[in-house]
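Next up, target.cif (mmCIF, C-alpha atoms and all ligand atoms):
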data_coords
#
loop_
_atom_site.label_atom_id
_atom_site.label_comp_id
_atom_site.auth_asym_id
_atom_site.auth_seq_id
_atom_site.Cartn_x
_atom_site.Cartn_y
_atom_site.Cartn_z
CA MET A 734 -31.68 -11.19 -14.34
CA THR A 735 -30.73 -7.53 -14.24
CA ASP A 736 -28.50 -5.45 -16.47
CA LYS A 737 -26.58 -4.03 -13.54
CA PRO A 738 -22.87 -4.62 -14.13
CA GLN A 739 -21.53 -7.38 -11.90
CA GLY A 740 -18.83 -6.75 -9.33
CA PHE A 741 -15.22 -7.81 -9.71
CA ASP A 742 -15.40 -10.90 -7.50
CA THR A 743 -18.58 -12.13 -9.23
CA LEU A 744 -16.91 -11.75 -12.61
CA ALA A 745 -13.75 -13.47 -11.33
CA VAL A 746 -15.83 -16.54 -10.46
CA HIS A 747 -18.33 -16.54 -13.34
CA ALA A 748 -17.11 -14.59 -16.39
CA GLY A 749 -16.18 -16.82 -19.31
CA THR A 750 -17.10 -20.00 -17.45
CA ALA A 751 -20.77 -20.81 -17.97
CA PRO A 752 -21.60 -24.53 -17.66
CA ASP A 753 -20.08 -26.45 -20.56
CA SER A 754 -22.52 -26.36 -23.49
CA ALA A 755 -21.55 -29.80 -24.76
CA THR A 756 -21.76 -31.76 -21.49
CA ASN A 757 -23.36 -29.48 -18.83
CA ALA A 758 -20.21 -29.95 -16.76
CA ARG A 759 -20.22 -27.07 -14.27
CA ILE A 760 -16.47 -26.62 -14.35
CA THR A 761 -14.88 -25.79 -17.71
CA PRO A 762 -13.34 -29.06 -18.96
CA ILE A 763 -9.71 -29.40 -19.97
CA TYR A 764 -10.24 -29.80 -23.73
CA GLN A 765 -7.21 -32.00 -24.21
CA THR A 766 -7.47 -32.25 -27.99
CA THR A 767 -5.29 -31.10 -30.83
CA ALA A 768 -7.94 -30.76 -33.54
CA TYR A 769 -11.72 -30.52 -34.10
CA VAL A 770 -13.88 -32.30 -36.67
CA PHE A 771 -15.43 -30.07 -39.35
CA ASN A 772 -19.22 -30.30 -39.83
CA ASP A 773 -18.77 -30.44 -43.61
CA PRO A 774 -16.42 -29.06 -46.30
CA GLU A 775 -18.17 -25.65 -46.42
CA HIS A 776 -17.78 -25.28 -42.65
CA ALA A 777 -14.09 -26.13 -43.00
CA ALA A 778 -13.62 -23.58 -45.78
CA ASP A 779 -15.46 -20.85 -43.82
CA LEU A 780 -13.33 -21.46 -40.73
CA PHE A 781 -10.11 -21.19 -42.72
CA ALA A 782 -11.27 -17.99 -44.43
CA LEU A 783 -12.38 -16.42 -41.08
CA LYS A 784 -15.94 -16.23 -42.45
CA ALA A 785 -17.02 -18.28 -39.44
CA PHE A 786 -15.31 -18.47 -36.05
CA GLY A 787 -14.61 -21.85 -34.56
CA ASN A 788 -12.09 -24.41 -33.53
CA ILE A 789 -9.68 -25.77 -36.09
CA TYR A 790 -6.47 -26.66 -34.30
CA THR A 791 -5.35 -26.03 -30.70
CA ARG A 792 -2.32 -23.95 -31.72
CA ILE A 793 -4.85 -21.26 -32.72
CA MET A 794 -7.85 -21.82 -30.46
CA ASN A 795 -9.11 -24.20 -27.75
CA PRO A 796 -12.29 -24.00 -25.61
CA THR A 797 -10.44 -24.11 -22.25
CA GLN A 798 -8.21 -21.30 -23.50
CA GLY A 799 -11.35 -19.50 -24.71
CA ALA A 800 -12.92 -19.57 -21.24
CA LEU A 801 -9.75 -18.04 -19.81
CA GLU A 802 -9.79 -15.32 -22.46
CA GLY A 803 -13.40 -14.47 -21.64
CA LYS A 804 -12.64 -14.17 -17.94
CA VAL A 805 -9.59 -11.94 -18.39
CA ALA A 806 -11.31 -9.69 -20.97
CA ALA A 807 -14.26 -9.20 -18.58
CA LEU A 808 -12.02 -8.35 -15.61
CA GLU A 809 -9.92 -5.88 -17.61
CA GLY A 810 -12.90 -4.30 -19.40
CA GLY A 811 -11.52 -5.22 -22.83
CA THR A 812 -13.35 -6.32 -25.98
CA ALA A 813 -11.46 -9.60 -26.43
CA ALA A 814 -8.36 -11.40 -25.24
CA LEU A 815 -5.84 -13.95 -26.45
CA ALA A 816 -4.21 -16.36 -24.00
CA VAL A 817 -0.77 -17.70 -24.91
CA ALA A 818 2.05 -19.79 -23.46
CA SER A 819 3.76 -17.14 -21.30
CA GLY A 820 3.95 -13.45 -20.57
CA HIS A 821 6.91 -13.12 -22.91
CA ALA A 822 4.95 -14.83 -25.69
CA ALA A 823 2.17 -12.26 -25.15
CA GLN A 824 4.69 -9.45 -25.57
CA MET A 825 6.16 -11.01 -28.72
CA LEU A 826 2.75 -11.47 -30.35
CA ALA A 827 1.50 -8.00 -29.38
CA PHE A 828 4.53 -6.35 -30.98
CA HIS A 829 4.39 -8.72 -33.97
CA ALA A 830 0.98 -7.28 -34.89
CA LEU A 831 2.30 -3.72 -34.74
CA MET A 832 5.90 -3.69 -35.89
CA GLN A 833 7.69 -4.01 -39.22
CA PRO A 834 11.49 -4.34 -39.46
CA GLY A 835 13.03 -0.90 -38.85
CA ASP A 836 10.17 0.27 -36.61
CA GLU A 837 10.64 1.57 -33.08
CA PHE A 838 8.73 1.42 -29.83
CA ILE A 839 9.22 3.33 -26.61
CA ALA A 840 9.47 1.43 -23.33
CA ALA A 841 9.86 2.55 -19.74
CA ARG A 842 13.23 1.59 -18.25
CA GLN A 843 11.41 0.47 -15.12
CA LEU A 844 10.53 -3.03 -16.31
CA TYR A 845 10.80 -6.69 -15.44
CA GLY A 846 14.43 -7.71 -16.21
CA GLY A 847 13.29 -10.39 -18.66
CA SER A 848 11.42 -7.77 -20.68
CA ILE A 849 14.50 -5.56 -20.82
CA ASN A 850 16.43 -8.54 -22.23
CA GLN A 851 13.69 -9.45 -24.70
CA PHE A 852 13.49 -5.87 -26.00
CA ASN A 853 17.24 -5.23 -26.12
CA HIS A 854 18.32 -8.53 -27.65
CA SER A 855 15.74 -10.81 -29.27
CA PHE A 856 13.52 -8.04 -30.61
CA LYS A 857 16.60 -6.43 -32.13
CA SER A 858 17.10 -9.47 -34.33
CA PHE A 859 13.53 -8.97 -35.64
CA GLY A 860 14.58 -5.44 -36.63
CA TRP A 861 12.44 -3.87 -33.87
CA LYS A 862 14.17 -1.10 -31.99
CA VAL A 863 13.41 -0.20 -28.39
CA VAL A 864 13.91 3.40 -27.29
CA TRP A 865 14.05 3.74 -23.50
CA ALA A 866 12.20 6.36 -21.47
CA ASP A 867 11.75 7.00 -17.76
CA ILE A 868 8.46 6.92 -15.82
CA ASP A 869 9.82 9.59 -13.48
CA ASP A 870 10.16 12.00 -16.40
CA ILE A 871 7.15 11.92 -18.72
CA SER A 872 8.87 14.32 -21.11
CA SER A 873 11.37 11.52 -21.85
CA PHE A 874 8.51 9.67 -23.58
CA GLU A 875 7.64 12.73 -25.66
CA LYS A 876 11.25 13.21 -26.65
CA ALA A 877 11.55 9.58 -27.72
CA VAL A 878 8.68 9.80 -30.24
CA SER A 879 9.75 9.56 -33.89
CA PRO A 880 7.92 8.89 -37.18
CA LYS A 881 8.94 5.23 -36.75
CA THR A 882 7.35 4.86 -33.29
CA LYS A 883 4.61 2.21 -33.28
CA ALA A 884 3.80 1.78 -29.59
CA ILE A 885 4.57 2.84 -26.02
CA PHE A 886 5.07 0.13 -23.40
CA VAL A 887 4.97 0.54 -19.60
CA GLU A 888 4.17 -1.54 -16.52
CA SER A 889 1.37 -0.22 -14.28
CA ILE A 890 3.22 -1.28 -11.11
CA ALA A 891 6.81 -1.73 -12.25
CA ASN A 892 8.77 -4.88 -11.42
CA PRO A 893 10.90 -5.05 -9.32
CA GLY A 894 10.80 -1.58 -7.77
CA GLY A 895 7.05 -1.48 -7.09
CA ARG A 896 6.94 1.97 -8.71
CA ILE A 897 3.65 3.28 -10.09
CA THR A 898 3.38 4.68 -13.61
CA ASP A 899 1.29 7.77 -14.28
CA LEU A 900 -0.76 5.95 -16.91
CA GLU A 901 -2.92 8.92 -17.93
CA ALA A 902 0.13 11.10 -18.55
CA VAL A 903 1.78 8.42 -20.71
CA ALA A 904 -1.55 7.78 -22.50
CA LYS A 905 -1.62 11.44 -23.51
CA VAL A 906 1.81 11.13 -25.11
CA ALA A 907 0.67 7.99 -26.95
CA GLN A 908 -2.52 9.68 -28.19
CA LYS A 909 -0.61 12.68 -29.46
CA ALA A 910 1.84 10.38 -31.25
CA GLY A 911 -1.05 8.35 -32.72
CA VAL A 912 0.25 5.07 -31.29
CA PRO A 913 -1.26 2.57 -28.83
CA LEU A 914 -0.30 2.48 -25.16
CA ILE A 915 0.52 -1.08 -24.08
CA VAL A 916 0.41 -1.71 -20.33
CA ASP A 917 1.90 -4.78 -18.68
CA ASN A 918 -0.51 -5.15 -15.74
CA THR A 919 1.08 -8.29 -14.25
CA LEU A 920 1.96 -6.91 -10.82
CA ALA A 921 -1.29 -5.02 -10.31
CA THR A 922 -3.81 -7.46 -11.81
CA PRO A 923 -7.19 -5.96 -12.75
CA TYR A 924 -8.20 -6.20 -9.08
CA LEU A 925 -5.86 -3.31 -8.28
CA CYS A 926 -5.72 -1.44 -11.59
CA GLN A 927 -7.66 -1.49 -14.87
CA PRO A 928 -5.39 0.33 -17.33
CA ILE A 929 -7.99 0.59 -20.13
CA LYS A 930 -9.96 3.00 -17.90
CA HIS A 931 -6.85 5.19 -17.80
CA GLY A 932 -6.24 5.30 -21.54
CA ALA A 933 -4.41 2.03 -22.29
CA ASN A 934 -5.22 0.42 -25.64
CA ILE A 935 -3.66 -2.99 -25.02
CA VAL A 936 -3.15 -4.75 -21.68
CA LEU A 937 -0.73 -7.66 -21.23
CA HIS A 938 -0.19 -10.07 -18.38
CA SER A 939 2.09 -12.80 -17.36
CA LEU A 940 -0.68 -15.12 -16.11
CA THR A 941 2.15 -17.10 -14.50
CA LYS A 942 2.12 -14.65 -11.59
CA PHE A 943 -0.85 -13.35 -9.56
CA MET A 944 -3.56 -14.22 -12.09
CA GLY A 945 -2.91 -17.97 -11.83
CA GLY A 946 -1.56 -17.21 -8.40
CA HIS A 947 -0.23 -20.57 -7.25
CA GLY A 948 3.13 -20.85 -8.99
CA ASN A 949 2.06 -23.92 -10.98
CA SER A 950 1.54 -22.86 -14.60
CA MET A 951 2.98 -20.59 -17.24
CA GLY A 952 0.66 -18.39 -19.24
CA GLY A 953 0.27 -14.96 -20.77
CA VAL A 954 -2.55 -12.88 -22.19
CA ILE A 955 -3.16 -9.98 -24.56
CA VAL A 956 -6.28 -7.89 -23.90
CA ASP A 957 -7.67 -5.70 -26.67
CA GLY A 958 -9.05 -2.41 -25.36
CA GLY A 959 -11.08 -1.99 -28.57
CA ASN A 960 -10.34 1.73 -28.39
CA PHE A 961 -7.72 2.35 -31.07
CA ASP A 962 -8.24 3.26 -34.74
CA TRP A 963 -5.84 0.93 -36.55
CA SER A 964 -6.77 2.23 -39.99
CA LYS A 965 -5.90 5.87 -39.35
CA GLY A 966 -2.57 6.96 -40.84
CA GLY A 967 -1.63 3.62 -42.38
CA LYS A 968 0.87 2.79 -39.64
CA TYR A 969 -0.36 -0.73 -38.96
CA PRO A 970 -0.52 -2.60 -42.28
CA LEU A 971 -1.11 -6.01 -40.68
CA LEU A 972 -4.34 -4.64 -39.20
CA SER A 973 -5.54 -2.25 -41.89
CA GLU A 974 -4.32 -3.63 -45.22
CA PRO A 975 -5.58 -6.63 -47.24
CA ASN A 976 -4.09 -9.83 -45.87
CA ASP A 977 -2.69 -12.26 -48.43
CA SER A 978 -3.00 -15.26 -46.13
CA TYR A 979 -6.78 -14.62 -45.71
CA HIS A 980 -7.88 -13.92 -49.32
CA GLY A 981 -7.24 -10.19 -48.97
CA LEU A 982 -9.30 -9.73 -45.77
CA LYS A 983 -8.72 -6.44 -43.92
CA LEU A 984 -8.74 -7.36 -40.22
CA HIS A 985 -9.66 -3.95 -38.80
CA ALA A 986 -12.42 -3.40 -41.34
CA ALA A 987 -13.81 -6.89 -40.71
CA PHE A 988 -13.49 -7.15 -36.91
CA GLY A 989 -13.57 -3.55 -35.61
CA GLY A 990 -12.90 -3.33 -31.87
CA MET A 991 -11.61 -6.91 -31.67
CA ALA A 992 -9.22 -6.62 -34.60
CA PHE A 993 -6.07 -6.46 -32.52
CA ALA A 994 -6.81 -9.60 -30.49
CA ILE A 995 -7.80 -11.38 -33.71
CA ALA A 996 -4.62 -10.29 -35.51
CA CYS A 997 -2.51 -11.59 -32.62
CA ARG A 998 -4.34 -14.93 -32.90
CA VAL A 999 -4.75 -15.51 -36.63
CA LEU A 1000 -1.36 -14.12 -37.65
CA GLY A 1001 1.00 -14.11 -34.64
CA LEU A 1002 -0.16 -17.22 -32.81
CA ARG A 1003 -0.83 -19.10 -36.05
CA ASP A 1004 2.66 -18.44 -37.44
CA LEU A 1005 4.90 -18.05 -34.39
CA GLY A 1006 3.12 -20.72 -32.37
CA PRO A 1007 3.33 -20.12 -28.59
CA ALA A 1008 -0.03 -21.69 -27.69
CA ILE A 1009 -1.03 -22.20 -24.04
CA ALA A 1010 -1.53 -25.82 -22.94
CA PRO A 1011 -5.21 -26.54 -22.11
CA LEU A 1012 -4.17 -27.86 -18.67
CA ASN A 1013 -2.38 -24.60 -17.90
CA ALA A 1014 -5.41 -22.61 -19.03
CA PHE A 1015 -7.53 -24.72 -16.66
CA LEU A 1016 -5.20 -24.23 -13.68
CA ILE A 1017 -5.03 -20.48 -14.27
CA LEU A 1018 -8.84 -20.31 -14.61
CA THR A 1019 -9.19 -22.04 -11.24
CA GLY A 1020 -6.66 -19.72 -9.64
CA MET A 1021 -8.41 -16.63 -11.00
CA GLU A 1022 -11.63 -17.41 -9.13
CA THR A 1023 -9.93 -16.24 -5.91
CA LEU A 1024 -8.00 -13.33 -7.45
CA GLY A 1025 -9.78 -10.67 -5.39
CA LEU A 1026 -9.43 -12.55 -2.09
CA ARG A 1027 -5.79 -13.29 -2.68
CA MET A 1028 -4.86 -9.78 -3.82
CA GLN A 1029 -6.57 -8.29 -0.78
CA ARG A 1030 -4.49 -10.51 1.56
CA HIS A 1031 -1.31 -10.02 -0.50
CA CYS A 1032 -1.73 -6.24 -0.11
CA GLU A 1033 -2.60 -6.33 3.61
CA ASN A 1034 0.41 -8.52 4.39
CA SER A 1035 2.72 -6.43 2.21
CA LEU A 1036 1.79 -3.23 3.98
CA LYS A 1037 2.49 -4.85 7.37
CA VAL A 1038 5.86 -6.17 6.19
CA ALA A 1039 6.84 -2.87 4.57
CA GLU A 1040 5.96 -0.94 7.73
CA TRP A 1041 8.01 -3.37 9.81
CA LEU A 1042 11.03 -3.21 7.49
CA ALA A 1043 10.89 0.59 7.36
CA LYS A 1044 11.46 0.67 11.12
CA ASP A 1045 14.29 -1.92 11.17
CA LYS A 1046 17.87 -0.74 11.75
CA ARG A 1047 19.38 -3.31 9.34
CA VAL A 1048 17.33 -1.89 6.49
CA ALA A 1049 18.53 1.18 4.55
CA TRP A 1050 15.30 1.97 2.71
CA VAL A 1051 11.96 0.46 1.63
CA ASN A 1052 10.23 1.18 -1.69
CA TYR A 1053 6.58 0.33 -1.24
CA ALA A 1054 4.00 2.62 -2.78
CA GLY A 1055 1.53 1.63 -0.05
CA LEU A 1056 3.59 3.49 2.58
CA ALA A 1057 2.26 7.01 3.14
CA SER A 1058 5.85 8.30 2.96
CA ASP A 1059 6.57 6.69 -0.42
CA LYS A 1060 7.30 8.82 -3.46
CA TYR A 1061 4.67 6.91 -5.48
CA HIS A 1062 1.94 6.92 -2.81
CA ALA A 1063 -0.18 9.59 -4.52
CA LEU A 1064 -0.03 7.70 -7.83
CA GLN A 1065 -0.91 4.48 -6.02
CA LYS A 1066 -4.01 6.13 -4.51
CA LYS A 1067 -5.05 7.16 -8.02
CA TYR A 1068 -4.25 4.05 -10.06
CA ALA A 1069 -4.31 1.18 -7.54
CA PRO A 1070 -6.51 2.45 -4.70
CA ARG A 1071 -7.20 -1.02 -3.25
CA GLY A 1072 -3.52 -1.64 -2.54
CA ALA A 1073 0.02 -1.36 -3.83
CA GLY A 1074 0.44 -5.04 -4.66
CA SER A 1075 2.86 -7.42 -3.04
CA VAL A 1076 6.10 -7.10 -5.01
CA PHE A 1077 8.49 -4.51 -3.70
CA THR A 1078 12.11 -3.87 -2.86
CA PHE A 1079 14.11 -2.80 0.11
CA GLY A 1080 17.80 -2.03 0.60
CA LEU A 1081 20.21 -3.78 2.94
CA LYS A 1082 22.76 -1.68 4.77
CA GLY A 1083 25.22 -4.55 4.20
CA GLY A 1084 24.99 -4.35 0.36
CA TYR A 1085 25.65 -7.23 -2.05
CA ASP A 1086 27.13 -9.65 0.50
CA ALA A 1087 24.28 -9.12 2.95
CA GLY A 1088 21.84 -9.85 0.13
CA VAL A 1089 23.48 -13.17 -0.69
CA LYS A 1090 23.55 -14.05 3.02
CA MET A 1091 19.89 -13.20 3.47
CA VAL A 1092 18.66 -15.50 0.67
CA LYS A 1093 20.71 -18.32 2.24
CA SER A 1094 19.10 -17.74 5.65
CA VAL A 1095 15.36 -17.58 4.91
CA LYS A 1096 13.21 -20.57 5.95
CA LEU A 1097 9.56 -19.72 5.22
CA PHE A 1098 10.44 -17.65 2.16
CA SER A 1099 11.46 -19.49 -0.99
CA HIS A 1100 14.53 -18.15 -2.78
CA LEU A 1101 13.53 -18.25 -6.42
CA ALA A 1102 12.91 -16.24 -9.58
CA ASN A 1103 9.17 -15.80 -9.52
CA ILE A 1104 6.51 -13.55 -8.06
CA GLY A 1105 2.80 -13.77 -7.41
CA ASP A 1106 2.63 -17.10 -5.61
CA THR A 1107 0.54 -17.78 -2.48
CA ARG A 1108 3.94 -18.44 -0.85
CA SER A 1109 6.29 -15.62 0.14
CA LEU A 1110 9.25 -15.36 -2.22
CA ILE A 1111 12.56 -13.56 -2.07
CA ILE A 1112 15.33 -12.83 -4.53
CA HIS A 1113 18.50 -10.75 -4.73
CA PRO A 1114 18.08 -9.28 -8.25
CA ALA A 1115 21.71 -8.14 -8.71
CA SER A 1116 22.99 -11.73 -8.50
CA THR A 1117 20.07 -13.32 -10.41
CA THR A 1118 17.24 -11.78 -12.51
CA HIS A 1119 19.15 -8.63 -13.37
CA SER A 1120 22.66 -10.14 -13.52
CA GLN A 1121 22.72 -9.93 -17.35
CA LEU A 1122 22.35 -6.15 -17.24
CA THR A 1123 25.16 -3.66 -16.77
CA ALA A 1124 25.50 -2.07 -13.32
CA ASP A 1125 24.06 1.14 -14.78
CA GLN A 1126 21.05 -0.63 -16.32
CA ARG A 1127 20.52 -2.46 -13.00
CA ALA A 1128 20.52 0.73 -11.00
CA LYS A 1129 18.12 2.40 -13.49
CA ALA A 1130 15.79 -0.61 -13.32
CA GLY A 1131 15.75 -0.38 -9.52
CA ALA A 1132 17.93 -3.46 -8.99
CA GLY A 1133 21.21 -2.19 -7.49
CA ASP A 1134 23.60 -4.37 -5.42
CA ASP A 1135 21.89 -3.77 -2.04
CA VAL A 1136 18.36 -4.39 -3.37
CA MET A 1137 16.21 -7.30 -2.17
CA ARG A 1138 12.94 -8.09 -3.91
CA LEU A 1139 10.04 -9.63 -2.04
CA SER A 1140 6.79 -11.11 -3.27
CA ILE A 1141 4.72 -11.34 -0.12
CA GLY A 1142 2.41 -14.35 0.05
CA ILE A 1143 -0.90 -14.95 1.78
CA GLU A 1144 0.48 -16.70 4.88
CA ASP A 1145 0.07 -15.15 8.36
CA ALA A 1146 1.82 -11.79 8.42
CA ALA A 1147 3.44 -12.55 11.80
CA ASP A 1148 5.16 -15.64 10.40
CA ILE A 1149 6.39 -13.75 7.34
CA ILE A 1150 7.87 -11.01 9.52
CA ALA A 1151 9.45 -13.53 11.92
CA ASP A 1152 11.26 -15.21 9.03
CA LEU A 1153 12.59 -11.91 7.68
CA ASP A 1154 13.70 -10.95 11.19
CA GLN A 1155 15.78 -14.11 11.68
CA ALA A 1156 17.18 -14.00 8.11
CA LEU A 1157 18.35 -10.39 8.52
CA GLY A 1158 20.68 -11.88 11.17
C1 LIG B 1 7.09 -12.58 -15.30
C2 LIG B 1 6.80 -11.33 -15.99
C3 LIG B 1 6.77 -11.27 -17.39
C4 LIG B 1 7.06 -12.46 -18.25
O1 LIG B 1 6.13 -13.46 -18.07
P1 LIG B 1 6.44 -15.04 -18.25
O2 LIG B 1 5.11 -15.66 -18.00
O3 LIG B 1 7.48 -15.41 -17.25
O4 LIG B 1 6.93 -15.19 -19.66
C5 LIG B 1 6.45 -10.06 -17.97
N1 LIG B 1 6.21 -8.97 -17.24
C6 LIG B 1 6.24 -8.99 -15.90
C7 LIG B 1 5.94 -7.75 -15.14
C8 LIG B 1 6.55 -10.16 -15.23
O5 LIG B 1 6.58 -10.16 -13.88
#
Spit out the file's structure as structure tokens when you get a sec.
Ligand SMILES: *Cc1c(COP(=O)(O)O)cnc(C)c1O
Amino acid sequence: MTDKPQGFDTLAVHAGTAPDSATNARITPIYQTTAYVFNDPEHAADLFALKAFGNIYTRIMNPTQGALEGKVAALEGGTAALAVASGHAAQMLAFHALMQPGDEFIAARQLYGGSINQFNHSFKSFGWKVVWADIDDISSFEKAVSPKTKAIFVESIANPGGRITDLEAVAKVAQKAGVPLIVDNTLATPYLCQPIKHGANIVLHSLTKFMGGHGNSMGGVIVDGGNFDWSKGGKYPLLSEPNDSYHGLKLHAAFGGMAFAIACRVLGLRDLGPAIAPLNAFLILTGMETLGLRMQRHCENSLKVAEWLAKDKRVAWVNYAGLASDKYHALQKKYAPRGAGSVFTFGLKGGYDAGVKMVKSVKLFSHLANIGDTRSLIIHPASTTHSQLTADQRAKAGAGDDVMRLSIGIEDAADIIADLDQALG
């Protein structure tokens, strides 16, 4: 054994998944159980009081879920993680630990359409107000800061436009405001970008996408960077103040650098309930073993497709940060040097109607609302994922009428290009 830190691909295979201590099974079992027998009444009491850590009930904790959390935390360089039922559940629980009714958070406009909906509508009914800013204008984040601001939220590679956020610049604004920077790292995965190294305090994923990678299970995760002082300034009472539901325990004082992940588990997950199914945790764990291999191929194929589209007469424009000519290329080299990911957009000269025609004509591509599958996927956001937004919101989110979004799979690049060629008509 050596103390040398292991490489990404070694961690992807091994982190969190030592042979099972109960059975010596090499592969982490699917712990398909709801509850766990207490050793004795004292053990039960200690577990409920958080004096000892252990399994009580699968809504709060499960060993298959725990293995997944260990793997993600290791790959992101965080102190701890919490896996939940979906990416949206991860967002809800992360904000639940930070926000009180009447509080605000700042979010980049350049986000997954579902997140824009969640922030604008459902979070509003919790009394949480989103204030929008723009990744192309960092001063818009500074201007949005108020005494009620509790967090700043951005995507590292923004869905669907494939735009890259200047994480260090936004982290500076967050530090000055005394609030955590939350980064949704779904499109990049830790293989391409590790936001904690660039000043993020909390990293979120939809595990449904590249992390699981095979389009077969929903999941989400919250990673605690362990690098934020929750007790300073009294802004985060759930973390710093005595908790009535745990005999007056102060989570930050008791758990230090893991306090945020623990708060999301023992308060948010306990009370709001979006637990991940053990089977889904198992499928995502299996998928994650090949994360590096898949991301490498996703990026290689995407660059080939983007270069091909950029030369095609039927195409008005291509937004792919991996292209040397792209506006975000310099930021990509800094934040995602191994590749620009595989989700990006291009514009059709024929506009809305050409977009609808194209999704009808593809054969290899699947027309559906997902990304991050081994299979190549296509969608016309204006008529689907972003159809609930106003035309103005759509355009600002990078999803105007002529926009097509691709999620390039790991098939042979020549076959992917041939299908796009015939579908462009
Ligand atoms: C899909 C997605 C989400 C939401 O995740 P679900 O697992 O579908 O709930 C959040 N952020 C981004 C960037 C996504 O692509």
Can you work out the spacing between CA of Lys942 (chain A) and atom C1 of ligand LIG 1 (chain B) in Å, to one decimal?
6.5 Å
Output as CSV one row per residue of chain A within 6 Å of ligand LIG 1 (chain B): the closest atom pair and its distance in Å to one decimal place, counting only C-alpha atoms and all ligand atoms, sorted by chain and residue number ascending.
residue,atom,partner,partner_atom,distance
A:Ser819,CA,B:LIG1,O2,3.9
A:Gly820,CA,B:LIG1,O1,3.3
A:His821,CA,B:LIG1,O4,3.9
A:Tyr845,CA,B:LIG1,C7,5.0
A:Asn892,CA,B:LIG1,C7,5.5
A:Thr919,CA,B:LIG1,C7,5.0
A:Leu920,CA,B:LIG1,C7,5.9
A:Ser939,CA,B:LIG1,O1,4.2
A:Thr941,CA,B:LIG1,O2,4.8
A:Met951,CA,B:LIG1,O2,5.4
A:Gly952,CA,B:LIG1,O2,5.4
A:Gly953,CA,B:LIG1,O2,5.6
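Minimum atom-to-atom distance to Gly799 (chain A), evaluated using all atoms listed in the file, belongs to A:Pro762 out of A:Pro762, A:Gly946, A:Gly1025, A:Gly958.
You will find CA of Leu925 (chain A) at 5.7 Å from CA of Arg1071 (chain A).
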Would you list the residues near (-3.0, -27.8, -26.9), meaning any protein, DNA or RNA residue with an atom at most 12 Å from that point in file coordinates, counting all atoms listed in the file, as a PyMOL selection string?
chain A and resi 763-769+788-799+816-818+1006-1015
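Here the question is which of A:Gly959, A:Ala748, A:Ser889, A:Asp1154 gets nearest to Lys1044 (chain A) using only C-alpha atoms, and that residue is A:Asp1154.
Residues having any atom no farther than 10 Å from (-7.0, -12.5, -35.3) (counting all atoms listed in the file) are Leu783, Ile793, Leu815, Ala830, Leu972, Leu984, His985, Phe988, Met991, Ala992, Phe993, Ala994, Ile995, Ala996, Cys997, Arg998, Val999, Leu1000, Gly1001, Leu1002 and Arg1003 of chain A.
In this structure, CA of Ala1124 (chain A) sits 17.9 Å away from CA of Phe852 (chain A).
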For Leu1110 (chain A): contacts at 8 Å, all atoms listed in the file, fewer than 5 positions along chain excluded, given as a PyMOL selection string:
chain A and resi 1098-1101+1103-1104+1139-1142
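Residues with any atom within 7 Å of Ala840 (chain A), counting only C-alpha atoms and excluding same-chain neighbours fewer than 4 positions away, are Val863, Val864, Trp865, Ala866, Ile885, Phe886 and Val887 of chain A.
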Which polymer residues have any atom within 12 Å of an atom of Ala1128 (chain A), counting only C-alpha atoms, with same-chain residues fewer than 4 positions away left out, as a PyMOL selection string?
chain A and resi 842-844+846+893-894+1114-1115+1119-1120+1122-1124+1132-1136
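The shortest atom-to-atom distance to Pro1070 (chain A), with all atoms listed in the file taken into account, belongs to A:Tyr924 out of A:Phe874, A:Phe741, A:Phe838, A:Tyr924.
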Fill-in result for region 955-963 of chain A, N, CA and C atoms as a PDB file, keeping the file's coordinate frame:
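File selection.pdb, as written:
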ATOM      1  N   ILE A 955      -3.078 -11.288 -23.892  1.00  0.00           N
ATOM      2  CA  ILE A 955      -3.160  -9.980 -24.560  1.00  0.00           C
ATOM      3  C   ILE A 955      -4.629  -9.570 -24.489  1.00  0.00           C
ATOM      4  N   VAL A 956      -4.907  -8.383 -23.948  1.00  0.00           N
ATOM      5  CA  VAL A 956      -6.280  -7.890 -23.900  1.00  0.00           C
ATOM      6  C   VAL A 956      -6.406  -6.711 -24.857  1.00  0.00           C
ATOM      7  N   ASP A 957      -7.410  -6.765 -25.702  1.00  0.00           N
ATOM      8  CA  ASP A 957      -7.670  -5.700 -26.670  1.00  0.00           C
ATOM      9  C   ASP A 957      -8.622  -4.699 -26.033  1.00  0.00           C
ATOM     10  N   GLY A 958      -8.187  -3.443 -25.927  1.00  0.00           N
ATOM     11  CA  GLY A 958      -9.050  -2.410 -25.360  1.00  0.00           C
ATOM     12  C   GLY A 958     -10.173  -2.016 -26.311  1.00  0.00           C
ATOM     13  N   GLY A 959     -10.039  -2.333 -27.591  1.00  0.00           N
ATOM     14  CA  GLY A 959     -11.080  -1.990 -28.570  1.00  0.00           C
ATOM     15  C   GLY A 959     -11.222  -0.500 -28.796  1.00  0.00           C
ATOM     16  N   ASN A 960     -10.214   0.270 -28.392  1.00  0.00           N
ATOM     17  CA  ASN A 960     -10.340   1.730 -28.390  1.00  0.00           C
ATOM     18  C   ASN A 960      -9.240   2.413 -29.196  1.00  0.00           C
ATOM     19  N   PHE A 961      -8.758   1.729 -30.233  1.00  0.00           N
ATOM     20  CA  PHE A 961      -7.720   2.350 -31.070  1.00  0.00           C
ATOM     21  C   PHE A 961      -8.108   2.204 -32.531  1.00  0.00           C
ATOM     22  N   ASP A 962      -7.905   3.287 -33.304  1.00  0.00           N
ATOM     23  CA  ASP A 962      -8.240   3.260 -34.740  1.00  0.00           C
ATOM     24  C   ASP A 962      -7.035   2.816 -35.554  1.00  0.00           C
ATOM     25  N   TRP A 963      -7.010   1.514 -35.873  1.00  0.00           N
ATOM     26  CA  TRP A 963      -5.840   0.930 -36.550  1.00  0.00           C
ATOM     27  C   TRP A 963      -5.736   1.368 -38.003  1.00  0.00           C
TER      28      TRP A 963
END
